[in-house]
$ cat query.txt   # compact mmCIF, C-alpha atoms
# COMPACT_ATOMS: atom_id res chain seq x y z
CA MET A 1 -3.19 14.06 17.70
CA ALA A 2 -3.58 12.49 14.27
CA ASP A 3 -0.33 13.84 12.88
CA ALA A 4 2.90 15.54 13.84
CA PRO A 5 4.53 18.61 12.24
CA SER A 6 8.07 17.28 12.73
CA VAL A 7 7.72 14.42 10.24
CA SER A 8 10.84 14.23 8.08
CA SER A 9 11.17 12.69 4.63
CA ASP A 10 14.85 12.07 5.45
CA ASP A 11 13.87 9.95 8.47
CA ILE A 12 11.34 8.11 6.34
CA GLY A 13 13.99 7.46 3.71
CA ARG A 14 16.45 5.98 6.17
CA ALA A 15 13.84 3.62 7.63
CA PHE A 16 12.43 2.67 4.23
CA ARG A 17 15.82 1.86 2.72
CA ALA A 18 16.83 -0.20 5.75
CA SER A 19 13.58 -2.15 5.58
CA ILE A 20 13.93 -3.10 1.93
CA ASP A 21 17.61 -3.91 2.40
CA ALA A 22 16.49 -6.50 4.98
CA ARG A 23 13.66 -7.83 2.80
CA GLN A 24 12.66 -11.49 2.81
CA ALA A 25 12.09 -12.98 -0.64
CA PHE A 26 9.72 -15.86 -1.42
CA GLU A 27 9.42 -17.68 -4.73
CA ARG A 28 6.17 -19.59 -4.19
CA PRO A 29 3.58 -19.35 -5.52
CA TYR A 30 5.13 -16.29 -7.21
CA ARG A 31 7.98 -13.98 -6.33
CA HIS A 32 6.98 -11.69 -3.48
CA PHE A 33 8.62 -10.07 -0.50
CA LEU A 34 7.98 -9.23 3.13
CA VAL A 35 9.56 -6.16 4.72
CA GLU A 36 9.36 -4.96 8.32
CA ASN A 37 9.90 -1.67 10.17
CA VAL A 38 9.08 0.23 6.99
CA LEU A 39 8.60 3.66 8.59
CA PRO A 40 9.85 5.45 11.69
CA PRO A 41 7.50 4.42 14.53
CA GLY A 42 6.15 7.95 14.95
CA VAL A 43 5.25 8.17 11.28
CA ALA A 44 3.54 4.78 11.30
CA LYS A 45 1.51 5.87 14.34
CA ALA A 46 0.63 9.21 12.75
CA LEU A 47 -0.68 7.41 9.68
CA HIS A 48 -2.58 4.89 11.81
CA ASP A 49 -4.25 7.73 13.74
CA LEU A 50 -5.44 9.76 10.74
CA PRO A 51 -9.08 10.80 11.28
CA PHE A 52 -10.66 9.12 8.24
CA GLY A 53 -13.80 7.06 8.58
CA ALA A 54 -14.11 3.61 7.09
CA PRO A 55 -16.40 3.33 4.05
CA GLN A 56 -19.76 1.74 4.81
CA LEU A 57 -20.07 -1.41 2.73
CA ASP A 58 -23.87 -1.60 2.61
CA GLY A 59 -23.55 -5.32 2.02
CA VAL A 60 -21.41 -4.85 -1.11
CA SER A 61 -17.76 -5.91 -1.38
CA GLY A 62 -15.40 -7.94 -3.57
CA ARG A 63 -13.64 -5.04 -5.33
CA ARG A 64 -12.47 -1.77 -3.84
CA GLU A 65 -13.72 0.25 -6.80
CA VAL A 66 -17.36 -0.41 -5.89
CA HIS A 67 -16.85 2.17 -3.12
CA ASN A 68 -14.80 4.69 -5.10
CA ASP A 69 -16.76 7.66 -3.80
CA THR A 70 -15.69 7.02 -0.18
CA ARG A 71 -12.05 5.97 -0.61
CA SER A 72 -9.18 8.10 0.75
CA TYR A 73 -5.90 8.94 -0.99
CA PHE A 74 -2.69 10.81 -0.43
CA ASP A 75 -3.94 13.54 -2.75
CA ALA A 76 -3.14 17.26 -2.69
CA ALA A 77 -5.89 18.15 -0.24
CA ASN A 78 -5.05 15.43 2.27
CA MET A 79 -1.32 16.04 2.02
CA ALA A 80 -1.94 19.69 2.84
CA ARG A 81 -3.81 18.66 5.99
CA PHE A 82 -1.55 15.89 7.26
CA PRO A 83 2.26 16.22 7.38
CA ALA A 84 2.83 12.46 7.61
CA MET A 85 0.98 11.93 4.34
CA LYS A 86 2.97 14.69 2.65
CA ALA A 87 6.34 13.50 3.98
CA LEU A 88 5.77 9.90 2.89
CA ALA A 89 4.55 10.93 -0.56
CA ASP A 90 7.47 13.33 -0.98
CA TYR A 91 9.95 10.57 -0.24
CA LEU A 92 8.27 8.01 -2.49
CA GLN A 93 8.22 10.59 -5.29
CA SER A 94 11.99 11.07 -5.03
CA SER A 95 14.53 9.59 -7.43
CA GLU A 96 16.27 8.04 -4.44
CA ALA A 97 13.16 6.08 -3.47
CA VAL A 98 12.24 4.86 -6.94
CA ARG A 99 15.85 3.88 -7.61
CA ALA A 100 15.93 1.87 -4.37
CA ILE A 101 12.64 0.19 -5.28
CA ARG A 102 13.84 -0.65 -8.78
CA ASP A 103 17.09 -2.09 -7.50
CA ALA A 104 15.57 -4.10 -4.62
CA PHE A 105 12.54 -5.50 -6.42
CA ASP A 106 13.44 -5.24 -10.12
CA ALA A 107 10.35 -3.07 -10.50
CA PRO A 108 9.76 -1.07 -13.72
CA VAL A 109 8.86 2.15 -11.89
CA ASP A 110 10.68 4.77 -13.98
CA ASP A 111 8.26 7.26 -15.61
CA THR A 112 5.26 6.14 -13.54
CA PHE A 113 2.97 8.00 -11.14
CA LEU A 114 2.71 7.62 -7.37
CA ARG A 115 -0.64 6.42 -6.04
CA LEU A 116 -1.17 5.97 -2.29
CA GLU A 117 -4.49 4.85 -0.86
CA TYR A 118 -5.37 4.97 2.82
CA ALA A 119 -7.43 1.78 3.11
CA LEU A 120 -9.88 1.22 5.95
CA ASP A 121 -11.64 -2.15 6.00
CA ILE A 122 -14.46 -3.21 8.30
CA ASP A 123 -16.35 -6.41 8.95
CA GLY A 124 -17.98 -7.67 5.77
CA PHE A 125 -15.08 -6.59 3.56
CA TRP A 126 -13.53 -9.06 1.13
CA LEU A 127 -11.60 -8.92 -2.14
CA GLU A 128 -11.83 -11.37 -4.99
CA PRO A 129 -8.51 -12.79 -6.25
CA HIS A 130 -6.82 -10.49 -8.75
CA THR A 131 -3.28 -9.87 -10.06
CA ASP A 132 -2.88 -6.05 -10.35
CA LEU A 133 -1.47 -6.72 -13.83
CA GLY A 134 -1.95 -3.83 -16.23
CA VAL A 135 -1.43 -0.18 -15.35
CA LYS A 136 0.00 -0.99 -11.90
CA LYS A 137 3.75 -1.56 -12.10
CA PHE A 138 4.49 -2.05 -8.38
CA THR A 139 2.42 -3.03 -5.35
CA PHE A 140 3.44 -2.47 -1.72
CA LEU A 141 0.80 -3.31 0.90
CA LEU A 142 1.78 -1.56 4.13
CA TYR A 143 -0.09 -2.79 7.21
CA LEU A 144 -0.84 -0.35 10.04
CA SER A 145 -3.36 -1.61 12.59
CA GLU A 146 -2.68 -3.83 15.60
CA GLY A 147 -4.53 -6.95 16.70
CA HIS A 148 -5.14 -8.10 13.12
CA GLU A 149 -2.38 -10.69 12.79
CA ASP A 150 -4.66 -13.10 10.91
CA LEU A 151 -5.97 -10.46 8.51
CA GLY A 152 -3.08 -10.31 6.08
CA THR A 153 -3.33 -10.46 2.32
CA ASP A 154 -4.46 -13.81 0.93
CA ILE A 155 -2.06 -15.28 -1.62
CA TYR A 156 -3.18 -17.64 -4.38
CA ALA A 157 -1.38 -20.02 -6.73
CA ASP A 158 -4.05 -19.20 -9.32
CA ARG A 159 -7.47 -17.62 -9.25
CA ASP A 160 -9.02 -20.67 -7.59
CA THR A 161 -6.19 -22.06 -5.43
CA HIS A 162 -5.51 -20.49 -2.05
CA PHE A 163 -1.86 -20.72 -1.03
CA GLY A 164 -1.46 -18.80 2.23
CA VAL A 165 -1.75 -15.49 4.07
CA SER A 166 0.89 -12.83 4.57
CA PRO A 167 1.40 -11.84 8.23
CA PHE A 168 -0.41 -8.63 9.14
CA ILE A 169 2.29 -7.04 11.30
CA PRO A 170 2.00 -3.30 11.96
CA ASN A 171 4.56 -1.30 9.96
CA SER A 172 5.34 -4.27 7.72
CA ALA A 173 4.41 -4.88 4.10
CA MET A 174 3.85 -7.49 1.43
CA VAL A 175 5.48 -6.46 -1.85
CA PHE A 176 5.39 -7.70 -5.44
CA VAL A 177 5.77 -6.64 -9.04
CA PRO A 178 2.46 -7.39 -10.77
CA SER A 179 2.43 -10.17 -13.34
CA ASP A 180 -0.12 -12.67 -14.64
CA ARG A 181 0.74 -14.89 -11.64
CA THR A 182 0.47 -12.42 -8.73
CA TRP A 183 -2.94 -13.54 -7.52
CA HIS A 184 -3.94 -11.98 -4.21
CA GLY A 185 -7.09 -10.87 -2.41
CA PHE A 186 -8.81 -11.02 0.95
CA GLU A 187 -11.00 -13.92 2.01
CA LYS A 188 -14.06 -12.83 3.92
CA ARG A 189 -13.54 -13.37 7.64
CA PRO A 190 -14.43 -11.43 10.79
CA ILE A 191 -12.76 -8.03 11.20
CA LYS A 192 -12.83 -6.50 14.67
CA GLY A 193 -12.48 -2.75 14.56
CA VAL A 194 -10.89 -1.27 11.44
CA ARG A 195 -8.20 -2.99 9.39
CA LYS A 196 -5.90 -0.13 8.34
CA SER A 197 -3.29 -0.17 5.61
CA VAL A 198 -1.63 1.97 2.98
CA ILE A 199 -1.69 0.66 -0.58
CA LEU A 200 1.30 1.95 -2.54
CA ASN A 201 1.28 1.60 -6.30
CA TYR A 202 3.27 3.13 -9.10
CA VAL A 203 1.00 3.34 -12.15
CA THR A 204 1.46 4.13 -15.83
CA HIS A 205 0.40 7.20 -17.79
CA GLU A 206 -2.74 5.29 -18.75
CA TRP A 207 -4.14 5.57 -15.19
CA LYS A 208 -7.45 7.40 -15.67
CA ALA A 209 -8.36 8.46 -12.11
CA ARG A 210 -5.82 11.29 -11.88
CA GLU A 211 -7.44 12.61 -8.70
CA GLN A 212 -6.09 9.54 -6.88
CA LEU A 213 -2.46 10.42 -7.64
CA SER A 214 -0.21 12.31 -5.26
CA PHE A 215 1.48 14.28 -8.03
CA PRO A 216 -0.76 13.86 -11.09
CA ASP A 217 1.35 16.09 -13.34
CA THR A 218 4.77 14.73 -12.39
CA PRO A 219 5.94 11.17 -13.08
CA VAL A 220 8.72 9.71 -10.95
CA ARG A 221 12.19 9.50 -12.50
CA ILE A 222 15.11 7.29 -11.63
$ encode --input "query.txt" --output "structure tokens"
Amino acid sequence: MADAPSVSSDDIGRAFRASIDARQAFERPYRHFLVENVLPPGVAKALHDLPFGAPQLDGVSGRREVHNDTRSYFDAANMARFPAMKALADYLQSSEAVRAIRDAFDAPVDDTFLRLEYALDIDGFWLEPHTDLGVKKFTFLLYLSEGHEDLGTDIYADRDTHFGVSPFIPNSAMVFVPSDRTWHGFEKRPIKGVRKSVILNYVTHEWKAREQLSFPDTPVRI
């Protein structure tokens, strides 16, 4: 079963708050964080098992937006189908969640919009170094799949200088507040199976692709 009807936003909240309370902070090459045990295990599994197919790359990669027509989001239609998607989005839309995120990460998330992408990456995928600076005010890269320990996010000191790789541990995440220094990407390397993750962003009112937002008419409030 790809999802479970008993998913609770309260359970998600308890796990999420505990995970960020236990966060590990790193200052090099820019301030970022690692958090573990982000979600209740059953919720993480339900998200991992969602029945979405990975976009076919057709030999083209480097930026996710080149495959916009086949990307999956926690939008109204998908949240209606899958309780785990709805429960996670409901919690991350709450004042409690955005207040916890602001306090833990000093993230300017008040009066932004929740954007959650269900990312499925296959062999041939890569991402050029980029910072997320601009309309994204918070980035939380939640890893889901197993057996991909060496497929974490690549971290750079600048656009051309590779620094390291975050550990791809299921139900863990790399977190940062975008700035002109937050260079990250994904170096092309073999991917066995499907690399699954959830990309959490809070974005400003200037975000144009409203169909990607979980609650496009309602900004979050602290």
$ closest_atom_pairs --input "query.txt" --of "segment 111-164 of chain A" --to "segment 22-31 of chain A" --cutoff "12 Å" --atoms "only C-alpha atoms" --output "CSV"
residue,atom,partner,partner_atom,distance
A:Thr131,CA,A:Tyr30,CA,11.0
A:Asp154,CA,A:Pro29,CA,11.7
A:Ile155,CA,A:Pro29,CA,8.0
A:Tyr156,CA,A:Pro29,CA,7.1
A:Ala157,CA,A:Pro29,CA,5.1
A:Asp158,CA,A:Pro29,CA,8.5
A:Arg159,CA,A:Pro29,CA,11.8
A:Thr161,CA,A:Pro29,CA,10.1
A:His162,CA,A:Pro29,CA,9.8
A:Phe163,CA,A:Pro29,CA,7.2
A:Gly164,CA,A:Pro29,CA,9.3
$ atom_distance --input "query.txt" --atom1 "atom CA of Gln56 of chain A" --atom2 "atom CA of Ala80 of chain A"
25.4 Å
$ closest_residue --input "query.txt" --among "A:Lys208, A:Arg81, A:Arg115, A:Arg14" --to "Gln93 of chain A" --atoms "all atoms listed in the file"
A:Arg115
$ atom_distance --input "query.txt" --atom1 "atom CA of Pro129 of chain A" --atom2 "atom CA of Arg181 of chain A"
10.9 Å
$ closest_residue --input "query.txt" --among "A:Ala84, A:Ile101, A:Ala76, A:Leu39" --to "Phe138 of chain A" --atoms "all atoms listed in the file"
A:Ile101
$ atom_distance --input "query.txt" --atom1 "atom CA of Ala104 of chain A" --atom2 "atom CA of Pro167 of chain A"
20.6 Å
$ closest_residue --input "query.txt" --among "A:Asp21, A:Asp111, A:Asp160, A:Glu117" --to "Thr139 of chain A" --atoms "only C-alpha atoms"
A:Glu117
$ residues_around --input "query.txt" --residues "Pro178 of chain A" --least-positions-apart "3" --cutoff "12 Å" --atoms "all atoms listed in the file" --output "PyMOL selection string"
chain A and resi 30-32+105-109+130-140+175+181-184+201-203
$ write_last_selection --input "query.txt" --atoms "C-alpha atoms" --output "mmCIF file, in the frame of the given file"
data_model
loop_
_atom_site.group_PDB
_atom_site.id
_atom_site.type_symbol
_atom_site.label_atom_id
_atom_site.label_comp_id
_atom_site.auth_asym_id
_atom_site.auth_seq_id
_atom_site.Cartn_x
_atom_site.Cartn_y
_atom_site.Cartn_z
ATOM 1 C CA TYR A 30 5.130 -16.290 -7.210
ATOM 2 C CA ARG A 31 7.980 -13.980 -6.330
ATOM 3 C CA HIS A 32 6.980 -11.690 -3.480
ATOM 4 C CA PHE A 105 12.540 -5.500 -6.420
ATOM 5 C CA ASP A 106 13.440 -5.240 -10.120
ATOM 6 C CA ALA A 107 10.350 -3.070 -10.500
ATOM 7 C CA PRO A 108 9.760 -1.070 -13.720
ATOM 8 C CA VAL A 109 8.860 2.150 -11.890
ATOM 9 C CA HIS A 130 -6.820 -10.490 -8.750
ATOM 10 C CA THR A 131 -3.280 -9.870 -10.060
ATOM 11 C CA ASP A 132 -2.880 -6.050 -10.350
ATOM 12 C CA LEU A 133 -1.470 -6.720 -13.830
ATOM 13 C CA GLY A 134 -1.950 -3.830 -16.230
ATOM 14 C CA VAL A 135 -1.430 -0.180 -15.350
ATOM 15 C CA LYS A 136 0.000 -0.990 -11.900
ATOM 16 C CA LYS A 137 3.750 -1.560 -12.100
ATOM 17 C CA PHE A 138 4.490 -2.050 -8.380
ATOM 18 C CA THR A 139 2.420 -3.030 -5.350
ATOM 19 C CA PHE A 140 3.440 -2.470 -1.720
ATOM 20 C CA VAL A 175 5.480 -6.460 -1.850
ATOM 21 C CA ARG A 181 0.740 -14.890 -11.640
ATOM 22 C CA THR A 182 0.470 -12.420 -8.730
ATOM 23 C CA TRP A 183 -2.940 -13.540 -7.520
ATOM 24 C CA HIS A 184 -3.940 -11.980 -4.210
ATOM 25 C CA ASN A 201 1.280 1.600 -6.300
ATOM 26 C CA TYR A 202 3.270 3.130 -9.100
ATOM 27 C CA VAL A 203 1.000 3.340 -12.150
#
$ closest_residue --input "query.txt" --among "A:Asp90, A:Asp103, A:Asp180, A:Glu128" --to "Thr218 of chain A" --atoms "all atoms listed in the file"
A:Asp90
$ axis_aligned_box --input "query.txt" --around "segment 82-90 of chain A" --padding-each-side "6 Å" --output "AutoDock Vina command-line options"
--center_x 3.0 --center_y 13.1 --center_z 3.3 --size_x 21.0 --size_y 18.3 --size_z 20.6
$ residues_around --input "query.txt" --residues "Ala119 of chain A" --least-positions-apart "3" --cutoff "9 Å" --atoms "only C-alpha atoms" --output "PyMOL selection string"
chain A and resi 54+71-73+195-199
$ write_last_selection --input "query.txt" --atoms "C-alpha atoms" --output "PDB file, in the frame of the given file"
ATOM      1  CA  ALA A  54     -14.110   3.610   7.090  1.00  0.00           C
ATOM      2  CA  ARG A  71     -12.050   5.970  -0.610  1.00  0.00           C
ATOM      3  CA  SER A  72      -9.180   8.100   0.750  1.00  0.00           C
ATOM      4  CA  TYR A  73      -5.900   8.940  -0.990  1.00  0.00           C
ATOM      5  CA  ARG A 195      -8.200  -2.990   9.390  1.00  0.00           C
ATOM      6  CA  LYS A 196      -5.900  -0.130   8.340  1.00  0.00           C
ATOM      7  CA  SER A 197      -3.290  -0.170   5.610  1.00  0.00           C
ATOM      8  CA  VAL A 198      -1.630   1.970   2.980  1.00  0.00           C
ATOM      9  CA  ILE A 199      -1.690   0.660  -0.580  1.00  0.00           C
TER      10      ILE A 199
END
$ closest_residue --input "query.txt" --among "A:Leu200, A:Ala18, A:Ala100, A:Val43" --to "Pro170 of chain A" --atoms "all atoms listed in the file"
A:Val43
$ residues_around --input "query.txt" --residues "His148 of chain A" --least-positions-apart "4" --cutoff "12 Å" --atoms "only C-alpha atoms" --output "list in words"
Asp121, Ile122, Tyr143, Leu144, Gly152, Thr153, Ser166, Pro167, Phe168, Ile169, Pro170, Arg189, Pro190, Ile191, Lys192, Gly193, Val194, Arg195, Lys196 and Ser197 of chain A
$ build_atoms --input "query.txt" --residues "segment 107-131 of chain A" --atoms "N, CA and C atoms" --output "PDB file, keeping the file's coordinate frame"
ATOM      1  N   ALA A 107      11.658  -3.622 -10.149  1.00  0.00           N
ATOM      2  CA  ALA A 107      10.350  -3.070 -10.500  1.00  0.00           C
ATOM      3  C   ALA A 107      10.488  -1.994 -11.576  1.00  0.00           C
ATOM      4  N   PRO A 108       9.666  -2.037 -12.620  1.00  0.00           N
ATOM      5  CA  PRO A 108       9.760  -1.070 -13.720  1.00  0.00           C
ATOM      6  C   PRO A 108       9.034   0.236 -13.381  1.00  0.00           C
ATOM      7  N   VAL A 109       9.581   0.992 -12.435  1.00  0.00           N
ATOM      8  CA  VAL A 109       8.860   2.150 -11.890  1.00  0.00           C
ATOM      9  C   VAL A 109       9.272   3.482 -12.523  1.00  0.00           C
ATOM     10  N   ASP A 110      10.296   3.501 -13.361  1.00  0.00           N
ATOM     11  CA  ASP A 110      10.680   4.770 -13.980  1.00  0.00           C
ATOM     12  C   ASP A 110       9.542   5.286 -14.860  1.00  0.00           C
ATOM     13  N   ASP A 111       9.295   6.605 -14.789  1.00  0.00           N
ATOM     14  CA  ASP A 111       8.260   7.260 -15.610  1.00  0.00           C
ATOM     15  C   ASP A 111       6.858   6.727 -15.287  1.00  0.00           C
ATOM     16  N   THR A 112       6.597   6.501 -14.006  1.00  0.00           N
ATOM     17  CA  THR A 112       5.260   6.140 -13.540  1.00  0.00           C
ATOM     18  C   THR A 112       4.776   7.208 -12.562  1.00  0.00           C
ATOM     19  N   PHE A 113       3.557   7.035 -12.057  1.00  0.00           N
ATOM     20  CA  PHE A 113       2.970   8.000 -11.140  1.00  0.00           C
ATOM     21  C   PHE A 113       2.704   7.338  -9.788  1.00  0.00           C
ATOM     22  N   LEU A 114       2.895   8.112  -8.735  1.00  0.00           N
ATOM     23  CA  LEU A 114       2.710   7.620  -7.370  1.00  0.00           C
ATOM     24  C   LEU A 114       1.229   7.668  -6.990  1.00  0.00           C
ATOM     25  N   ARG A 115       0.747   6.519  -6.529  1.00  0.00           N
ATOM     26  CA  ARG A 115      -0.640   6.420  -6.040  1.00  0.00           C
ATOM     27  C   ARG A 115      -0.599   5.775  -4.657  1.00  0.00           C
ATOM     28  N   LEU A 116      -1.130   6.460  -3.673  1.00  0.00           N
ATOM     29  CA  LEU A 116      -1.170   5.970  -2.290  1.00  0.00           C
ATOM     30  C   LEU A 116      -2.604   6.042  -1.800  1.00  0.00           C
ATOM     31  N   GLU A 117      -3.138   4.898  -1.414  1.00  0.00           N
ATOM     32  CA  GLU A 117      -4.490   4.850  -0.860  1.00  0.00           C
ATOM     33  C   GLU A 117      -4.423   4.534   0.624  1.00  0.00           C
ATOM     34  N   TYR A 118      -5.237   5.247   1.392  1.00  0.00           N
ATOM     35  CA  TYR A 118      -5.370   4.970   2.820  1.00  0.00           C
ATOM     36  C   TYR A 118      -6.594   4.073   2.961  1.00  0.00           C
ATOM     37  N   ALA A 119      -6.359   2.776   3.158  1.00  0.00           N
ATOM     38  CA  ALA A 119      -7.430   1.780   3.110  1.00  0.00           C
ATOM     39  C   ALA A 119      -7.931   1.450   4.503  1.00  0.00           C
ATOM     40  N   LEU A 120      -9.225   1.503   4.676  1.00  0.00           N
ATOM     41  CA  LEU A 120      -9.880   1.220   5.950  1.00  0.00           C
ATOM     42  C   LEU A 120     -10.952   0.168   5.703  1.00  0.00           C
ATOM     43  N   ASP A 121     -10.763  -1.020   6.268  1.00  0.00           N
ATOM     44  CA  ASP A 121     -11.640  -2.150   6.000  1.00  0.00           C
ATOM     45  C   ASP A 121     -12.360  -2.581   7.269  1.00  0.00           C
ATOM     46  N   ILE A 122     -13.653  -2.800   7.152  1.00  0.00           N
ATOM     47  CA  ILE A 122     -14.460  -3.210   8.300  1.00  0.00           C
ATOM     48  C   ILE A 122     -15.099  -4.561   8.035  1.00  0.00           C
ATOM     49  N   ASP A 123     -15.736  -5.095   9.063  1.00  0.00           N
ATOM     50  CA  ASP A 123     -16.350  -6.410   8.950  1.00  0.00           C
ATOM     51  C   ASP A 123     -17.301  -6.463   7.761  1.00  0.00           C
ATOM     52  N   GLY A 124     -17.212  -7.533   6.991  1.00  0.00           N
ATOM     53  CA  GLY A 124     -17.980  -7.670   5.770  1.00  0.00           C
ATOM     54  C   GLY A 124     -17.159  -7.419   4.519  1.00  0.00           C
ATOM     55  N   PHE A 125     -15.970  -6.861   4.688  1.00  0.00           N
ATOM     56  CA  PHE A 125     -15.080  -6.590   3.560  1.00  0.00           C
ATOM     57  C   PHE A 125     -14.436  -7.882   3.054  1.00  0.00           C
ATOM     58  N   TRP A 126     -14.301  -7.987   1.742  1.00  0.00           N
ATOM     59  CA  TRP A 126     -13.530  -9.060   1.130  1.00  0.00           C
ATOM     60  C   TRP A 126     -13.100  -8.587  -0.261  1.00  0.00           C
ATOM     61  N   LEU A 127     -12.084  -9.229  -0.796  1.00  0.00           N
ATOM     62  CA  LEU A 127     -11.600  -8.920  -2.140  1.00  0.00           C
ATOM     63  C   LEU A 127     -11.447 -10.190  -2.938  1.00  0.00           C
ATOM     64  N   GLU A 128     -12.004 -10.207  -4.130  1.00  0.00           N
ATOM     65  CA  GLU A 128     -11.830 -11.370  -4.990  1.00  0.00           C
ATOM     66  C   GLU A 128     -10.380 -11.449  -5.465  1.00  0.00           C
ATOM     67  N   PRO A 129      -9.886 -12.661  -5.756  1.00  0.00           N
ATOM     68  CA  PRO A 129      -8.510 -12.790  -6.250  1.00  0.00           C
ATOM     69  C   PRO A 129      -8.300 -11.998  -7.537  1.00  0.00           C
ATOM     70  N   HIS A 130      -7.181 -11.286  -7.588  1.00  0.00           N
ATOM     71  CA  HIS A 130      -6.820 -10.490  -8.750  1.00  0.00           C
ATOM     72  C   HIS A 130      -5.301 -10.381  -8.791  1.00  0.00           C
ATOM     73  N   THR A 131      -4.738  -9.863  -9.876  1.00  0.00           N
ATOM     74  CA  THR A 131      -3.280  -9.870 -10.060  1.00  0.00           C
ATOM     75  C   THR A 131      -2.635  -8.495 -10.002  1.00  0.00           C
TER      76      THR A 131
END
